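Listing of start-v7.cif; format and content: mmCIF, C-alpha atoms.
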data_data
#
loop_
_atom_site.group_PDB
_atom_site.id
_atom_site.type_symbol
_atom_site.label_atom_id
_atom_site.label_comp_id
_atom_site.auth_asym_id
_atom_site.auth_seq_id
_atom_site.Cartn_x
_atom_site.Cartn_y
_atom_site.Cartn_z
ATOM 1 C CA MET P 229 -17.776 -19.510 10.154
ATOM 2 C CA THR P 230 -17.003 -20.605 6.621
ATOM 3 C CA THR P 231 -13.592 -21.131 5.058
ATOM 4 C CA ASN P 232 -13.975 -17.857 3.182
ATOM 5 C CA ASP P 233 -14.328 -16.032 6.495
ATOM 6 C CA LYS P 234 -10.640 -16.661 7.202
ATOM 7 C CA ASP P 235 -7.411 -15.698 5.545
ATOM 8 C CA LEU P 236 -4.781 -18.319 4.744
ATOM 9 C CA SER P 237 -3.271 -17.981 8.211
ATOM 10 C CA GLY P 238 -6.552 -19.147 9.770
ATOM 11 C CA ARG P 239 -7.303 -15.787 11.363
ATOM 12 C CA GLN P 240 -10.676 -14.142 11.201
ATOM 13 C CA PRO P 241 -10.807 -10.966 9.092
ATOM 14 C CA GLN P 242 -9.855 -7.922 11.110
ATOM 15 C CA GLY P 243 -12.829 -5.978 12.393
ATOM 16 C CA GLY P 244 -10.820 -2.772 12.321
ATOM 17 C CA VAL P 245 -13.791 -0.411 12.268
ATOM 18 C CA ARG P 246 -15.593 -2.185 15.054
ATOM 19 C CA GLY P 247 -12.467 -2.486 17.185
ATOM 20 C CA ALA P 248 -11.536 1.148 16.646
ATOM 21 C CA GLY P 249 -14.838 2.448 17.943
ATOM 22 C CA TYR P 250 -16.618 2.980 14.633
ATOM 23 C CA PRO P 251 -20.130 1.598 14.082
ATOM 24 C CA ALA P 252 -20.394 -2.010 12.984
ATOM 25 C CA ILE P 253 -21.162 -2.315 9.282
ATOM 26 C CA VAL P 254 -23.964 -4.725 8.469
ATOM 27 C CA ASP P 255 -25.111 -3.627 5.035
ATOM 28 C CA GLY P 256 -23.004 -1.362 2.867
ATOM 29 C CA HIS P 257 -20.680 1.220 4.402
ATOM 30 C CA PRO P 258 -20.821 4.887 5.451
ATOM 31 C CA TRP P 259 -18.106 6.373 3.215
ATOM 32 C CA ARG P 260 -18.617 8.649 0.240
ATOM 33 C CA ARG P 261 -15.153 10.079 -0.487
ATOM 34 C CA TYR P 262 -11.938 8.061 -0.300
ATOM 35 C CA VAL P 263 -8.427 9.511 -0.650
ATOM 36 C CA ALA P 264 -5.298 7.323 -0.757
ATOM 37 C CA LEU P 265 -1.868 8.684 0.278
ATOM 38 C CA GLY P 266 1.523 7.031 -0.102
ATOM 39 C CA ASP P 267 4.231 5.851 -2.479
ATOM 40 C CA SER P 268 4.466 3.160 -5.203
ATOM 41 C CA PHE P 269 2.725 0.636 -2.939
ATOM 42 C CA THR P 270 -0.443 2.749 -2.926
ATOM 43 C CA GLU P 271 -0.031 4.043 -6.472
ATOM 44 C CA GLY P 272 -0.292 0.474 -7.728
ATOM 45 C CA VAL P 273 3.133 -0.168 -9.258
ATOM 46 C CA GLY P 274 3.452 -3.855 -10.203
ATOM 47 C CA ASP P 275 -0.203 -4.123 -11.246
ATOM 48 C CA PRO P 276 -0.183 -2.801 -14.845
ATOM 49 C CA ASP P 277 -3.419 -1.776 -16.530
ATOM 50 C CA PRO P 278 -3.102 0.578 -19.533
ATOM 51 C CA ARG P 279 -6.784 1.495 -19.289
ATOM 52 C CA ARG P 280 -6.283 3.271 -15.972
ATOM 53 C CA PRO P 281 -4.710 6.607 -15.019
ATOM 54 C CA GLY P 282 -0.978 6.156 -14.727
ATOM 55 C CA GLY P 283 -1.180 2.762 -16.417
ATOM 56 C CA VAL P 284 -1.510 0.895 -13.113
ATOM 57 C CA ARG P 285 -4.377 -0.433 -10.997
ATOM 58 C CA GLY P 286 -3.276 -1.527 -7.509
ATOM 59 C CA TRP P 287 -4.962 -2.370 -4.236
ATOM 60 C CA ALA P 288 -6.335 1.150 -3.635
ATOM 61 C CA ASP P 289 -8.167 1.126 -6.967
ATOM 62 C CA ARG P 290 -9.536 -2.307 -6.102
ATOM 63 C CA VAL P 291 -10.744 -1.093 -2.714
ATOM 64 C CA ALA P 292 -12.378 1.934 -4.336
ATOM 65 C CA GLU P 293 -14.107 -0.306 -6.871
ATOM 66 C CA GLU P 294 -15.704 -2.357 -4.096
ATOM 67 C CA LEU P 295 -16.654 0.680 -2.017
ATOM 68 C CA SER P 296 -18.236 2.374 -5.029
ATOM 69 C CA ALA P 297 -20.471 -0.575 -5.945
ATOM 70 C CA GLY P 298 -24.023 0.720 -6.040
ATOM 71 C CA ARG P 299 -22.930 4.165 -4.831
ATOM 72 C CA ALA P 300 -23.447 6.787 -7.522
ATOM 73 C CA ASP P 301 -22.129 9.511 -5.207
ATOM 74 C CA PHE P 302 -18.877 7.760 -4.271
ATOM 75 C CA ALA P 303 -15.643 9.580 -5.217
ATOM 76 C CA TYR P 304 -12.012 8.449 -5.111
ATOM 77 C CA ALA P 305 -8.646 10.205 -5.356
ATOM 78 C CA ASN P 306 -5.178 8.631 -5.273
ATOM 79 C CA LEU P 307 -2.389 11.089 -4.434
ATOM 80 C CA ALA P 308 0.352 8.455 -4.070
ATOM 81 C CA VAL P 309 3.589 8.940 -6.011
ATOM 82 C CA ARG P 310 6.279 6.311 -6.430
ATOM 83 C CA GLY P 311 9.644 6.762 -4.757
ATOM 84 C CA LEU P 312 8.593 9.257 -2.094
ATOM 85 C CA LEU P 313 9.899 9.189 1.469
ATOM 86 C CA LEU P 314 7.703 9.643 4.522
ATOM 87 C CA ASP P 315 8.379 13.365 4.954
ATOM 88 C CA GLN P 316 7.733 13.974 1.256
ATOM 89 C CA ILE P 317 4.427 12.120 1.402
ATOM 90 C CA LEU P 318 3.241 14.105 4.402
ATOM 91 C CA ALA P 319 4.451 17.446 3.015
ATOM 92 C CA ARG P 320 3.075 17.000 -0.491
ATOM 93 C CA GLN P 321 -0.086 14.987 0.044
ATOM 94 C CA THR P 322 -1.607 15.886 3.421
ATOM 95 C CA GLY P 323 -2.759 19.385 2.434
ATOM 96 C CA PRO P 324 -4.285 18.363 -0.919
ATOM 97 C CA ALA P 325 -5.955 15.385 0.765
ATOM 98 C CA LEU P 326 -7.647 17.563 3.385
ATOM 99 C CA VAL P 327 -8.825 19.996 0.704
ATOM 100 C CA LEU P 328 -10.706 17.096 -0.891
ATOM 101 C CA GLN P 329 -12.666 16.634 2.381
ATOM 102 C CA PRO P 330 -12.534 12.818 2.484
ATOM 103 C CA ASP P 331 -14.372 10.695 5.018
ATOM 104 C CA LEU P 332 -11.990 7.771 4.409
ATOM 105 C CA ILE P 333 -8.178 8.059 4.160
ATOM 106 C CA THR P 334 -5.526 5.381 3.724
ATOM 107 C CA LEU P 335 -1.915 6.246 4.504
ATOM 108 C CA SER P 336 1.146 4.081 3.914
ATOM 109 C CA ALA P 337 4.564 5.709 4.299
ATOM 110 C CA GLY P 338 8.037 4.951 5.582
ATOM 111 C CA GLY P 339 8.919 1.823 3.628
ATOM 112 C CA ASN P 340 11.332 3.586 1.279
ATOM 113 C CA ASP P 341 12.975 5.320 4.251
ATOM 114 C CA MET P 342 13.810 2.076 6.024
ATOM 115 C CA VAL P 343 14.649 -0.163 3.083
ATOM 116 C CA PHE P 344 16.734 2.242 1.016
ATOM 117 C CA HIS P 345 17.883 4.894 3.493
ATOM 118 C CA GLY P 346 18.380 2.892 6.688
ATOM 119 C CA SER P 347 16.200 5.319 8.648
ATOM 120 C CA ASP P 348 15.554 4.886 12.359
ATOM 121 C CA PRO P 349 12.035 3.395 12.741
ATOM 122 C CA ASP P 350 11.395 5.233 16.027
ATOM 123 C CA LYS P 351 12.248 8.632 14.548
ATOM 124 C CA LEU P 352 10.124 7.817 11.502
ATOM 125 C CA ALA P 353 7.226 6.967 13.771
ATOM 126 C CA ASP P 354 7.486 10.323 15.568
ATOM 127 C CA ARG P 355 7.090 12.151 12.261
ATOM 128 C CA LEU P 356 4.314 9.816 11.127
ATOM 129 C CA ASP P 357 2.434 10.479 14.362
ATOM 130 C CA ASP P 358 2.292 14.200 13.585
ATOM 131 C CA GLY P 359 0.921 13.513 10.106
ATOM 132 C CA VAL P 360 -1.689 11.073 11.404
ATOM 133 C CA ALA P 361 -2.795 13.596 14.021
ATOM 134 C CA LEU P 362 -3.366 16.211 11.321
ATOM 135 C CA LEU P 363 -5.214 13.828 9.013
ATOM 136 C CA GLY P 364 -7.255 12.471 11.900
ATOM 137 C CA SER P 365 -8.376 15.975 12.854
ATOM 138 C CA SER P 366 -10.529 15.962 9.715
ATOM 139 C CA GLY P 367 -12.844 13.392 11.287
ATOM 140 C CA ALA P 368 -12.224 10.919 8.448
ATOM 141 C CA THR P 369 -11.780 7.211 9.099
ATOM 142 C CA LEU P 370 -8.032 6.645 8.807
ATOM 143 C CA VAL P 371 -6.398 3.351 7.751
ATOM 144 C CA LEU P 372 -2.716 2.688 8.506
ATOM 145 C CA PHE P 373 -0.584 -0.273 7.424
ATOM 146 C CA THR P 374 1.943 -2.461 9.144
ATOM 147 C CA GLY P 375 4.816 -3.440 6.852
ATOM 148 C CA PRO P 376 4.995 -6.978 5.412
ATOM 149 C CA ASP P 377 7.252 -9.657 6.872
ATOM 150 C CA TRP P 378 10.220 -9.843 4.503
ATOM 151 C CA GLY P 379 11.989 -12.408 6.669
ATOM 152 C CA SER P 380 12.104 -14.997 3.882
ATOM 153 C CA THR P 381 13.046 -12.456 1.190
ATOM 154 C CA PRO P 382 16.748 -12.262 0.285
ATOM 155 C CA VAL P 383 18.408 -8.858 0.806
ATOM 156 C CA LEU P 384 15.203 -7.066 1.853
ATOM 157 C CA GLY P 385 14.893 -9.506 4.736
ATOM 158 C CA ARG P 386 17.813 -7.734 6.400
ATOM 159 C CA ASN P 387 15.374 -4.921 7.273
ATOM 160 C CA ARG P 388 13.018 -7.285 9.093
ATOM 161 C CA SER P 389 13.858 -6.051 12.586
ATOM 162 C CA LYS P 390 13.417 -2.398 11.593
ATOM 163 C CA VAL P 391 10.054 -3.137 9.993
ATOM 164 C CA ALA P 392 8.959 -4.987 13.132
ATOM 165 C CA VAL P 393 9.862 -2.021 15.358
ATOM 166 C CA PHE P 394 8.120 0.398 12.996
ATOM 167 C CA ASN P 395 5.037 -1.830 13.010
ATOM 168 C CA GLU P 396 4.791 -1.689 16.795
ATOM 169 C CA ASN P 397 5.020 2.085 16.608
ATOM 170 C CA ILE P 398 2.254 2.120 14.013
ATOM 171 C CA ARG P 399 0.017 0.111 16.327
ATOM 172 C CA VAL P 400 0.585 2.666 19.091
ATOM 173 C CA ILE P 401 -0.130 5.544 16.694
ATOM 174 C CA ALA P 402 -3.304 3.860 15.465
ATOM 175 C CA SER P 403 -4.505 3.339 19.030
ATOM 176 C CA ARG P 404 -3.716 6.944 19.967
ATOM 177 C CA HIS P 405 -5.636 8.380 17.015
ATOM 178 C CA ASN P 406 -8.402 5.791 16.764
ATOM 179 C CA ALA P 407 -7.201 4.617 13.343
ATOM 180 C CA VAL P 408 -7.814 1.282 11.639
ATOM 181 C CA ILE P 409 -4.886 -1.058 10.968
ATOM 182 C CA ALA P 410 -4.547 -3.161 7.832
ATOM 183 C CA ASP P 411 -2.050 -5.735 9.109
ATOM 184 C CA LEU P 412 0.295 -6.794 6.311
ATOM 185 C CA TRP P 413 2.843 -8.358 8.676
ATOM 186 C CA GLY P 414 0.281 -11.037 9.504
ATOM 187 C CA LEU P 415 -0.809 -11.497 5.897
ATOM 188 C CA ARG P 416 0.903 -14.826 5.288
ATOM 189 C CA GLU P 417 -0.037 -14.854 1.597
ATOM 190 C CA LEU P 418 2.638 -12.205 1.045
ATOM 191 C CA ARG P 419 5.305 -14.819 1.754
ATOM 192 C CA ASP P 420 4.369 -16.448 -1.549
ATOM 193 C CA PRO P 421 6.702 -15.214 -4.351
ATOM 194 C CA ARG P 422 3.689 -15.074 -6.681
ATOM 195 C CA MET P 423 2.491 -12.087 -4.650
ATOM 196 C CA TRP P 424 5.478 -10.025 -5.784
ATOM 197 C CA ASP P 425 6.630 -8.471 -9.018
ATOM 198 C CA PRO P 426 9.860 -9.921 -10.470
ATOM 199 C CA ASP P 427 11.671 -6.861 -9.061
ATOM 200 C CA ARG P 428 10.731 -8.074 -5.530
ATOM 201 C CA LEU P 429 10.174 -4.446 -4.590
ATOM 202 C CA HIS P 430 6.536 -4.139 -5.608
ATOM 203 C CA LEU P 431 3.450 -6.300 -5.326
ATOM 204 C CA SER P 432 2.200 -8.310 -8.292
ATOM 205 C CA PRO P 433 -1.483 -8.137 -9.325
ATOM 206 C CA LEU P 434 -2.103 -11.081 -6.967
ATOM 207 C CA GLY P 435 -0.381 -9.205 -4.155
ATOM 208 C CA HIS P 436 -2.416 -6.061 -4.732
ATOM 209 C CA HIS P 437 -5.547 -8.223 -4.764
ATOM 210 C CA ALA P 438 -4.615 -9.738 -1.393
ATOM 211 C CA VAL P 439 -3.929 -6.314 0.151
ATOM 212 C CA ALA P 440 -7.259 -4.988 -1.137
ATOM 213 C CA MET P 441 -8.969 -7.850 0.659
ATOM 214 C CA ARG P 442 -7.092 -7.080 3.862
ATOM 215 C CA VAL P 443 -8.104 -3.407 3.740
ATOM 216 C CA LEU P 444 -11.763 -4.209 3.125
ATOM 217 C CA ASP P 445 -11.718 -6.786 5.924
ATOM 218 C CA ALA P 446 -10.084 -4.268 8.267
ATOM 219 C CA LEU P 447 -12.869 -1.809 7.481
ATOM 220 C CA GLY P 448 -15.501 -4.477 8.102
ATOM 221 C CA VAL P 449 -16.858 -4.197 4.561
ATOM 222 C CA GLY P 450 -18.281 -7.322 2.950
ATOM 223 C CA HIS P 451 -16.919 -8.061 -0.514
ATOM 224 C CA PRO P 452 -16.888 -10.838 -3.134
ATOM 225 C CA LEU P 453 -13.083 -11.030 -3.466
ATOM 226 C CA GLN P 454 -11.626 -14.487 -2.849
ATOM 227 C CA PRO P 455 -8.117 -15.314 -1.572
ATOM 228 C CA LEU P 456 -5.464 -17.011 -3.616
ATOM 229 C CA PRO P 457 -5.471 -20.740 -2.723
ATOM 230 C CA ALA P 458 -2.472 -21.770 -0.665
ATOM 231 C CA GLY P 459 0.050 -24.006 -2.400
ATOM 232 C CA ASP P 460 3.375 -25.626 -1.697
ATOM 233 C CA LEU P 461 6.353 -23.625 -2.891
ATOM 234 C CA THR P 462 9.190 -25.274 -4.704
ATOM 235 C CA GLN P 463 12.335 -25.252 -2.585
ATOM 236 C CA GLY P 464 15.506 -24.494 -4.525
ATOM 237 C CA ASP P 465 19.021 -25.304 -3.425
ATOM 238 C CA TRP P 466 21.176 -22.728 -1.629
ATOM 239 C CA ARG P 467 23.616 -22.138 -4.514
ATOM 240 C CA ARG P 468 20.838 -21.532 -7.004
ATOM 241 C CA ALA P 469 19.019 -19.181 -4.625
ATOM 242 C CA ARG P 470 22.162 -17.093 -4.063
ATOM 243 C CA ALA P 471 22.848 -16.955 -7.817
ATOM 244 C CA GLU P 472 19.299 -15.758 -8.443
ATOM 245 C CA ASP P 473 19.767 -13.106 -5.753
ATOM 246 C CA LEU P 474 22.821 -11.715 -7.522
ATOM 247 C CA VAL P 475 20.983 -11.581 -10.854
ATOM 248 C CA TRP P 476 18.054 -9.842 -9.189
ATOM 249 C CA ALA P 477 20.285 -7.282 -7.461
ATOM 250 C CA ARG P 478 22.030 -6.360 -10.730
ATOM 251 C CA ARG P 479 18.841 -6.249 -12.765
ATOM 252 C CA TYR P 480 16.464 -4.551 -10.355
ATOM 253 C CA LEU P 481 17.802 -3.402 -6.987
ATOM 254 C CA LEU P 482 20.929 -1.482 -8.020
ATOM 255 C CA PRO P 483 19.295 0.355 -10.973
ATOM 256 C CA TRP P 484 16.306 1.235 -8.766
ATOM 257 C CA ALA P 485 18.515 2.593 -5.987
ATOM 258 C CA TRP P 486 20.621 4.584 -8.468
ATOM 259 C CA ARG P 487 17.520 6.247 -9.927
ATOM 260 C CA ARG P 488 16.496 7.279 -6.410
ATOM 261 C CA VAL P 489 19.862 8.913 -5.795
ATOM 262 C CA ARG P 490 20.352 10.523 -9.195
ATOM 263 C CA ARG P 491 17.367 11.119 -11.423
ATOM 264 C CA PRO P 492 18.413 11.123 -15.110
ATOM 265 C CA ALA P 493 18.308 14.503 -16.856
ATOM 266 C CA GLY P 494 15.092 15.105 -18.739
ATOM 267 C CA VAL P 495 13.041 12.643 -16.674
ATOM 268 C CA THR P 496 9.802 14.247 -15.523
ATOM 269 C CA GLU P 497 8.980 14.071 -11.831
ATOM 270 C CA PRO P 498 6.069 11.627 -11.406
ATOM 271 C CA THR P 499 2.721 13.015 -10.302
ATOM 272 C CA ALA P 500 -0.405 11.593 -8.704
ATOM 273 C CA LYS P 501 -2.494 9.492 -11.053
ATOM 274 C CA ARG P 502 -5.850 10.624 -9.568
ATOM 275 C CA PRO P 503 -5.353 14.064 -7.967
ATOM 276 C CA SER P 504 -9.071 14.896 -7.895
ATOM 277 C CA ALA P 505 -11.889 13.057 -6.164
ATOM 278 C CA ALA P 506 -14.058 11.595 -8.908
ATOM 279 C CA PRO P 507 -16.109 8.482 -9.713
ATOM 280 C CA VAL P 508 -13.957 5.365 -9.866
ATOM 281 C CA ASN P 509 -14.589 4.828 -13.592
ATOM 282 C CA SER P 510 -13.315 8.331 -14.448
ATOM 283 C CA SER P 511 -9.755 9.578 -14.826
ATOM 284 C CA GLY P 512 -9.646 11.500 -11.558
ATOM 285 C CA GLN P 513 -7.799 14.300 -13.353
ATOM 286 C CA PRO P 514 -8.835 17.944 -12.878
ATOM 287 C CA ALA P 515 -11.162 19.188 -15.580
ATOM 288 C CA VAL P 516 -9.487 21.414 -18.143
ATOM 289 C CA VAL P 517 -11.392 24.616 -18.879
ATOM 290 C CA MET P 518 -10.750 25.826 -22.402
ATOM 291 C CA GLU P 519 -10.332 29.530 -23.069
ATOM 292 C CA GLY P 520 -13.697 31.164 -23.568
ATOM 293 C CA GLN P 521 -15.606 28.417 -21.716
ATOM 294 C CA ALA P 522 -15.150 29.781 -18.183
#

Let's see the structure in the file written out as structure tokens.
Amino acid sequence: MTTNDKDLSGRQPQGGVRGAGYPAIVDGHPWRRYVALGDSFTEGVGDPDPRRPGGVRGWADRVAEELSAGRADFAYANLAVRGLLLDQILARQTGPALVLQPDLITLSAGGNDMVFHGSDPDKLADRLDDGVALLGSSGATLVLFTGPDWGSTPVLGRNRSKVAVFNENIRVIASRHNAVIADLWGLRELRDPRMWDPDRLHLSPLGHHAVAMRVLDALGVGHPLQPLPAGDLTQGDWRRARAEDLVWARRYLLPWAWRRVRRPAGVTEPTAKRPSAAPVNSSGQPAVVMEGQA
């Protein structure tokens, strides 16, 4: 085993497909249509790219790029919308996802519920289980995510125990429905502040890159992506850290939470950046038929 065969924690890449009962992938992969469901995490917020639909890239786009390499018939849709809660994701995205007839689905939901609404992780898991059962009935390979370990993150770290409980529920759900797990709790790179946007709520481009690697590894798909080299982090003093936390809360956390509670008048409800399954290098937007062309 080479150094590149391990993540920074020293673990081997997850063989999620093999472990979940899917065939081992030696060359290439079996998927032709990938649909991503979720919130801002899956939409790609924190990874700006004005050339892409919605102006963001994100880990799901990166995964689709690797899966589409050399596959002219590969199609990708991203139904994720920032700010949505678990029930909203399942209600708004499950039906459209199944209509697209994917053979690969990723689903991440529940983070906004726990962090900003204090939701019970066990009750969340019960509702997630129903959604996973419905998506799994399509026969598609389904990828679920454990939440990251925010233990070293000020303010958000207070939700660590809830995330841990939710993660154990997700593992049970994945086992019950033969789903693949992309384990973000064990992804030690995410403890590096460079992996996060300055708002601390969303991944940075480096963070999205690391998650894309974890998903591909979980699926057992070979890829050329390389991890961010580990480095020592500068340790600040306690007073400075607390002062920075207060600045962050005023600048990012409180305005974000207020927008979730009360959307300003005139602000358009966000929509999926790639609602239709299409080649990765296309917009993923439904074709517009002009009058007289039908």

By how many Å are atom CA of P:Ala440 and atom CA of P:Trp287 apart?
->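 Taking atom CA of P:Ala440 and atom CA of P:Trp287, their separation equals 4.7 Å.
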
Compute the distance from (-4.6, 15.3, 3.8) to each atom, counting only C-alpha atoms, keep the residues with any atom at most 10 Å away, and return them as an NGL selection string; use the coordinates of the file.
-> :P and (263-265 or 307 or 317-330 or 333-335 or 359-360 or 362-366 or 368)

Any idea what the distance is between atom CA of P:Val443 and atom CA of P:Ile409?
->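 Computing it gives 8.3 Å between the two atoms.
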
Nearest to P:Leu418 among P:His451, P:Pro376, P:Ser389, P:Thr369, with distances taken over only C-alpha atoms: which residue is it?
->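 Using only C-alpha atoms, the shortest distance to P:Leu418 belongs to P:Pro376.
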
Expand the PyMOL selection byres ((chain P and resi 433) around 9) into the individual residues it matches in the shown file, reporting them as a PDB file with C-alpha atoms, in the frame of the given file.
ATOM      1  CA  GLY P 272      -0.292   0.474  -7.728  1.00  0.00           C
ATOM      2  CA  GLY P 274       3.452  -3.855 -10.203  1.00  0.00           C
ATOM      3  CA  ASP P 275      -0.203  -4.123 -11.246  1.00  0.00           C
ATOM      4  CA  PRO P 276      -0.183  -2.801 -14.845  1.00  0.00           C
ATOM      5  CA  ARG P 285      -4.377  -0.433 -10.997  1.00  0.00           C
ATOM      6  CA  GLY P 286      -3.276  -1.527  -7.509  1.00  0.00           C
ATOM      7  CA  TRP P 287      -4.962  -2.370  -4.236  1.00  0.00           C
ATOM      8  CA  MET P 423       2.491 -12.087  -4.650  1.00  0.00           C
ATOM      9  CA  TRP P 424       5.478 -10.025  -5.784  1.00  0.00           C
ATOM     10  CA  ASP P 425       6.630  -8.471  -9.018  1.00  0.00           C
ATOM     11  CA  LEU P 431       3.450  -6.300  -5.326  1.00  0.00           C
ATOM     12  CA  SER P 432       2.200  -8.310  -8.292  1.00  0.00           C
ATOM     13  CA  LEU P 434      -2.103 -11.081  -6.967  1.00  0.00           C
ATOM     14  CA  GLY P 435      -0.381  -9.205  -4.155  1.00  0.00           C
ATOM     15  CA  HIS P 436      -2.416  -6.061  -4.732  1.00  0.00           C
ATOM     16  CA  HIS P 437      -5.547  -8.223  -4.764  1.00  0.00           C
ATOM     17  CA  ALA P 438      -4.615  -9.738  -1.393  1.00  0.00           C
TER      18      ALA P 438
END

So how many Å separate atom CA of P:Met342 and atom CA of P:Lys390, to one decimal?
->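 Between atom CA of P:Met342 and atom CA of P:Lys390 the gap works out to 7.2 Å.
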
Around the point (9.4, 0.8, 3.1), in the coordinates given by the file, pick out the residues reaching within 12 Å, counting all atoms listed in the file, and return them as a PDB file with C-alpha atoms, keeping the file's coordinate frame.
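Listed below is the output, result_24.pdb:
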ATOM      1  CA  GLY P 266       1.523   7.031  -0.102  1.00  0.00           C
ATOM      2  CA  ASP P 267       4.231   5.851  -2.479  1.00  0.00           C
ATOM      3  CA  SER P 268       4.466   3.160  -5.203  1.00  0.00           C
ATOM      4  CA  PHE P 269       2.725   0.636  -2.939  1.00  0.00           C
ATOM      5  CA  THR P 270      -0.443   2.749  -2.926  1.00  0.00           C
ATOM      6  CA  ARG P 310       6.279   6.311  -6.430  1.00  0.00           C
ATOM      7  CA  GLY P 311       9.644   6.762  -4.757  1.00  0.00           C
ATOM      8  CA  LEU P 312       8.593   9.257  -2.094  1.00  0.00           C
ATOM      9  CA  LEU P 313       9.899   9.189   1.469  1.00  0.00           C
ATOM     10  CA  LEU P 314       7.703   9.643   4.522  1.00  0.00           C
ATOM     11  CA  SER P 336       1.146   4.081   3.914  1.00  0.00           C
ATOM     12  CA  ALA P 337       4.564   5.709   4.299  1.00  0.00           C
ATOM     13  CA  GLY P 338       8.037   4.951   5.582  1.00  0.00           C
ATOM     14  CA  GLY P 339       8.919   1.823   3.628  1.00  0.00           C
ATOM     15  CA  ASN P 340      11.332   3.586   1.279  1.00  0.00           C
ATOM     16  CA  ASP P 341      12.975   5.320   4.251  1.00  0.00           C
ATOM     17  CA  MET P 342      13.810   2.076   6.024  1.00  0.00           C
ATOM     18  CA  VAL P 343      14.649  -0.163   3.083  1.00  0.00           C
ATOM     19  CA  PHE P 344      16.734   2.242   1.016  1.00  0.00           C
ATOM     20  CA  HIS P 345      17.883   4.894   3.493  1.00  0.00           C
ATOM     21  CA  GLY P 346      18.380   2.892   6.688  1.00  0.00           C
ATOM     22  CA  SER P 347      16.200   5.319   8.648  1.00  0.00           C
ATOM     23  CA  ASP P 348      15.554   4.886  12.359  1.00  0.00           C
ATOM     24  CA  PRO P 349      12.035   3.395  12.741  1.00  0.00           C
ATOM     25  CA  LEU P 352      10.124   7.817  11.502  1.00  0.00           C
ATOM     26  CA  PHE P 373      -0.584  -0.273   7.424  1.00  0.00           C
ATOM     27  CA  THR P 374       1.943  -2.461   9.144  1.00  0.00           C
ATOM     28  CA  GLY P 375       4.816  -3.440   6.852  1.00  0.00           C
ATOM     29  CA  PRO P 376       4.995  -6.978   5.412  1.00  0.00           C
ATOM     30  CA  ASP P 377       7.252  -9.657   6.872  1.00  0.00           C
ATOM     31  CA  TRP P 378      10.220  -9.843   4.503  1.00  0.00           C
ATOM     32  CA  LEU P 384      15.203  -7.066   1.853  1.00  0.00           C
ATOM     33  CA  GLY P 385      14.893  -9.506   4.736  1.00  0.00           C
ATOM     34  CA  ASN P 387      15.374  -4.921   7.273  1.00  0.00           C
ATOM     35  CA  ARG P 388      13.018  -7.285   9.093  1.00  0.00           C
ATOM     36  CA  LYS P 390      13.417  -2.398  11.593  1.00  0.00           C
ATOM     37  CA  VAL P 391      10.054  -3.137   9.993  1.00  0.00           C
ATOM     38  CA  ALA P 392       8.959  -4.987  13.132  1.00  0.00           C
ATOM     39  CA  PHE P 394       8.120   0.398  12.996  1.00  0.00           C
ATOM     40  CA  ASN P 395       5.037  -1.830  13.010  1.00  0.00           C
ATOM     41  CA  LEU P 429      10.174  -4.446  -4.590  1.00  0.00           C
ATOM     42  CA  HIS P 430       6.536  -4.139  -5.608  1.00  0.00           C
TER      43      HIS P 430
END

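The shortest atom-to-atom distance to P:Val400, with all atoms listed in the file taken into account, belongs to P:Asp357 out of P:Asp331, P:Asp277, P:Asp357, P:Glu294.
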
Would you mind telling me which residue in P:Ala297, P:Leu372, P:Ala410, P:Leu447 lies nearest to P:Asn509 when using all atoms listed in the file?
-> P:Ala297

Which of P:Val408, P:Ala303, P:Ala288, P:Leu332 sits closest to P:Pro258 [using only C-alpha atoms] | P:Leu332

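Residue nearest P:Gly367, chosen from P:Val393, P:Arg419, P:Asn406, P:Pro498 and counting all atoms listed in the file: P:Asn406.
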
Need the axis-aligned box for stretch 387-395 of chain P with 5 Å each side, so what are the centre and edges in Å to one decimal, as AutoDock Vina command-line options?
--center_x 10.2 --center_y -3.4 --center_z 11.3 --size_x 20.3 --size_y 17.7 --size_z 18.1

Using all atoms listed in the file: which of P:Pro514, P:Gly256, P:Pro503, P:Gly450 has the shortest distance to P:Ala305 |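 Distance minimum relative to P:Ala305 lands on P:Pro503.
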